[in-house]
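Heads up: the structure comes next, in structure tokens.
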Amino acid sequence: MTDETSETSGTGKRSRRSFLAGAGATSVVAVAGCMSGGGDGPSGTIDASGSNTVAPITDWAGENFENEYPDVLVDVAPEGTGAGFQEFCRGNSAVQSASREITDDEVGLCEENDVEYGFLEVGLDGLSVVKNSENDWVDEITLDELRQVWEFESDVETWSDVRSEWPDEDIQLHARDDASGTFDYFTEAINGEMGNIRDDYSATSQTNEIMNAVAGNEHGFGWGGLGYLRDIEDDEPIEAVPVESDEDGEFYLPEQENIEEGLYSPLARPLFAYINLASLEEEPDLIGSFARFYVNNQHEFARDEGFYATTDEAQAENHDKIDEWLEQVGADPDEITVQRE
Amino acid sequence: MSTQTDDTPFTGIDLDWEHRKNRIFLGIIVAASMFGVVMLALLLLDVATDFYRGQTEFGISLVDFFTRDGSRREELAGFRGAIVASIMLMLFTAILAFFVGVGSAIYLEEYAPDNRITRLIEANLANLAGVPSIVYGLLALAAFVNGVGMGPILLAGAIALALLVMPIIIVSTQEALRAVPDGMRNGSYATGATKWQTIRQVVLPAAMPGIMTGTILALARAIGETAPLIMVGALFTNRIALGPFDRFSAMPTQIYNWAAEPSQHFIHLAATGIVVLLTFMFVMNGIAIYLRNKYERDL
């Protein structure tokens with residue numbers, strides 16, 4: 001497991017309610033259909049591998065797809081982005097969830113095994129920079145200051161090392177260790193290079209621990225997946241710090257509209273689903289329908305699982321890609337059971 | 001015997017201290033033996049509290065819990081698919097492990113000559129019983145899931161569990177066969193019965209309660225095994241498994257999934273699942289103990 005655990009947050013509760021009735025009703029039909037084994041539309045098993053951050057979205061998409069088409073089984077194995085690509089690039093899975101883009105090594109592995117693929121952008125995840133609520137001096141932080149604090153061999157020991165008007169007290173730093181995709185993303189986005197980080201902070205694989213540590217210490221400072229902050233910010237003395245945007249230089253909190261409009265950048269990262277084109281060629285209706293079903297509802301699925309929706313343009317682009325792949329493997333995009341909405 | 005010794009022997013010994021040492025030692029060993037009991041009680045208390053909180057604070061309905069399958073939505077998630085899969089797993093594990101296990105135990109006890117090969121087999125069995133369960137999972141993954149190309153289906157899980165419990169079944173069957181007095185065998189031979197007739201009609205019936213007890217205890221261990229099933233790939237399947245060739249998620253893997261979720265509702269679903277799993281194990285152990293007590297004095 002080289003990735004962070006799944007995250008949920010308060011968002012999506014409203015859309016969730018409306019979904020319950022439908023999902024509950026179709027599940028009865030689903031079991032009945034499964035036993036009879038008949039029915040129209042796609043059937044078969046879709047193997048999905050990948051990130052345990054993104055897997056909940058794919059799993060939720062799969063569950064809804066199964067309810068819609070009872071002869072389908074979507075089997076999602078959340079082994080982590082890296083481990084998942086090892087499976088995907090050996091042709092063992094049709095869909096791969098990823099919390100980062102494919103690396104050069106993995107591209108090589110895919111080429112070695114003649115696995116052709118394409119990717120869809122299915123959602124956005126936010127990284128929060130957090131401080132204790134007692135901390136009344138940090139109202140905002142620039143990207144330069146963040147880098148100063150976190151870069152390799154950083155000489156920042158006290159708050160006043162960052163800004164002279166801040167108190168002359170030690171900063172207590174808490175963050176993820178190098179086993180996570182979140183770590184990879186933060187170090188690349190802030191310090192300019194994956195894995196570049198000071199070595200004297202308190203590192204953990206549990207985002208919960210980071211949040212609890214910062215909530216328990218006035219001088220605590222750290223970062224982690226937004227879902228974990230949302231889980232405890234109402235009950236514990238912890239809050240997000242507005243971070244400078246590389247879009248317009250203003251400071252933004254990691255809130256839904258800021259993330260979905262692309263203003264909370266660079267600390268919002270895209271989440272991907274990779275599709276194996278050989279699987280699509282083998283079963284164009286099954287895989288094609290699932291991909292379209294996923295993209296048709298991608299905003300809702302992402303928000304239901306505590307993440308953020310991509311732009312509508314990204315969604316439209318996903319649909320264009322699916323059409324393109326279908327043509328590439330010799331299937332007629334209009335013949336697929338699920339059509340784009 | 002020195003004449004210089006005092007008239008009263010043992011004066012150099014502080015009797016009070018010796019008695020105190022006696023009591024301290026007793027206290028330590030009683031504490032040591034209570035340790036396991038206390039830990040088990042704490043564990044059960046923790047599970048029971050979480051189960052109770054799940055029922056009251058999170059409104060987990062047992063009816064829904066037993067009639068729904070897994071789901072990403074905590075309000076819709078239930079345990080039925082996992083229970084059905086676990087029962088089927090036990091069934092296929094029992095079929096696969098019982099005949100091979102009992103067969104090899106009969107050979108080793110009744111037929112095999114006491115030579116180097118027999119001792120080698122027995123040493124191997126003893127070692128197999130000590131192999132960590134995840135290794136059996138890896139074996140099943142490499143040989144059956146990927147090697148034969150079965151995929152992560154219920155039968156592959158049953159094979160992994162059958163391999164895991166087979167040494168236990170063999171050893172307990174051997175013990176049950178050894179407990180049958182030789183007089184019964186000799187009596188049977190005296191009537192002119194062949195070896196197979198003796199085994200089938202005298203030895204096996206006498207040993208059967210012991211064999212059943214061992215088998216049920218082995219299955220009770222298998223039903224709680226998580227690691228081999230995770231290796232086989234029994235994760236995140238929301239559907240109910242209808243046959244040995246379906247994908248599945250058994251009780252322990254479903255609990256594992258739920259416990260890894262950040263939401264408290266899932267954590268309490270996991271606690272409810274643990275209560276169900278423990279109930280299964282207690283019932284199976286209870287049956288084993290009942291069988292043992294019922295037939296104990298018949299021999």
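Naming works like this for the structure tokens: A, B, ... for the chains as they're shown, residue 1 at the start of each chain, ligands 1 onward in shown order.
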
Quick one: contact table of chain B to chain A, 7 Å max, nearest atom pair and distance in Å to one decimal per residue, counting only C-alpha atoms, chain and number order, as a tab-separated table?
```
residue	atom	partner	partner_atom	distance
B:Arg72	CA	A:Trp60	CA	5.8
B:Leu235	CA	A:Ala77	CA	6.3
B:Phe236	CA	A:Val76	CA	6.0
B:Thr237	CA	A:Asp75	CA	5.9
B:Glu261	CA	A:Ser6	CA	6.8
B:Pro262	CA	A:Glu7	CA	6.6
```

Query raised in the report: Can you list every residue in stretch 53-163 of chain B that DSSP puts in alpha helix (DSSP H), as a ChimeraX atom specification?
Result: /B:53-56,62-67,80-106,116-129,133-140,154-163

Requested in this report: Find the residues around stretch 180-196 of chain A up to 10 Å (only C-alpha atoms counted), leave out those fewer than 5 positions away in its own chain, and share them as a ChimeraX atom specification.
Outcome: /A:1-5,51-53,80-82,98-100,125-127,143-153,175,204-207,223-225,265-269

Query raised in the report: Which polymer residues have any atom within 8 Å of an atom of B:Asn285, counting only C-alpha atoms, with same-chain residues fewer than 2 positions away left out, as a PyMOL selection string?
Result: chain B and resi 216-217+220+281-283+287-289

Print the selection's residues with C-alpha atoms to a file, as a PDB file, in the first residue's frame.
```pdb
ATOM      1  CA  ILE B 216     -14.618 -28.869  13.280  1.00  0.00           C
ATOM      2  CA  LEU B 217     -11.878 -27.133  15.281  1.00  0.00           C
ATOM      3  CA  ALA B 220     -13.356 -22.960  13.069  1.00  0.00           C
ATOM      4  CA  MET B 281     -16.638 -19.702  15.890  1.00  0.00           C
ATOM      5  CA  PHE B 282     -18.143 -20.206  19.344  1.00  0.00           C
ATOM      6  CA  VAL B 283     -20.915 -22.376  17.919  1.00  0.00           C
ATOM      7  CA  ILE B 287     -20.230 -28.464  18.750  1.00  0.00           C
ATOM      8  CA  ALA B 288     -16.680 -29.825  18.894  1.00  0.00           C
ATOM      9  CA  ILE B 289     -16.663 -29.798  22.702  1.00  0.00           C
TER      10      ILE B 289
END
```

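With distances taken over only C-alpha atoms, B:Met251 is the one residue among B:Met251, B:Val232, B:Ile13, B:Leu278 lying closest to B:Ile87.
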
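Distances from B:Arg185, B:Ala156, B:Leu125, B:Gly59 to B:Phe144 were compared using only C-alpha atoms, and the smallest one belongs to B:Ala156.
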
Requested in this report: List the neighbours of A:Ala94 out to 10 Å using only C-alpha atoms; skip same-chain residues closer than 3 positions along the sequence, and give me the result as a PyMOL selection string.
Outcome: chain A and resi 45-49+87-89+91+117+274-280+287

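Take atom CA of A:Phe221 and atom CA of A:Asn132: the distance between them is 7.3 Å.
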
Requested in this report: Tell me which protein, DNA and RNA residues are within 12 Å of B:Asn293, counting only C-alpha atoms, leaving out same-chain ones fewer than 6 positions away, and put them as a list in words.
Outcome: Pro209, Gly210, Thr213, Gly286, Ile287 and Leu299 of chain B

**Report entry** For A:Ala309: contacts at 7 Å, only C-alpha atoms, fewer than 2 positions along chain excluded, given as a ChimeraX atom specification
**Finding:** /A:123-124,260,299,302-303,307,311

Output of the above residues as a compact mmCIF listing (two decimals), in the first residue's frame, restricted to N, CA and C atoms:
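Result file result-v7.txt:
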```
# COMPACT_ATOMS: atom_id res chain seq x y z
N GLY A 123 -11.83 13.01 -11.10
CA GLY A 123 -12.15 13.82 -9.93
C GLY A 123 -10.94 14.60 -9.48
N LEU A 124 -11.12 15.36 -8.40
CA LEU A 124 -10.02 16.14 -7.83
C LEU A 124 -9.94 15.86 -6.34
N GLU A 260 -12.85 23.21 -7.35
CA GLU A 260 -13.46 22.82 -8.63
C GLU A 260 -13.26 23.88 -9.71
N HIS A 299 -19.04 13.43 -11.67
CA HIS A 299 -19.11 14.49 -10.65
C HIS A 299 -19.75 13.96 -9.38
N ALA A 302 -17.56 11.26 -7.52
CA ALA A 302 -16.43 11.86 -6.81
C ALA A 302 -16.92 12.54 -5.54
N ARG A 303 -18.00 13.33 -5.65
CA ARG A 303 -18.49 14.05 -4.47
C ARG A 303 -19.04 13.09 -3.43
N PHE A 307 -14.64 13.51 -2.53
CA PHE A 307 -13.67 14.23 -3.36
C PHE A 307 -14.39 15.37 -4.09
N THR A 311 -13.88 19.79 -13.89
CA THR A 311 -14.68 20.74 -14.68
C THR A 311 -15.54 19.96 -15.67
```

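Between atom CA of A:Trp137 and atom CA of A:Trp159 the separation is 9.3 Å.
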
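Using only C-alpha atoms for every distance, the candidate list A:Glu165, A:Asp114, A:Gln172, A:Leu226 yields A:Gln172 as the residue closest to A:Ala203.
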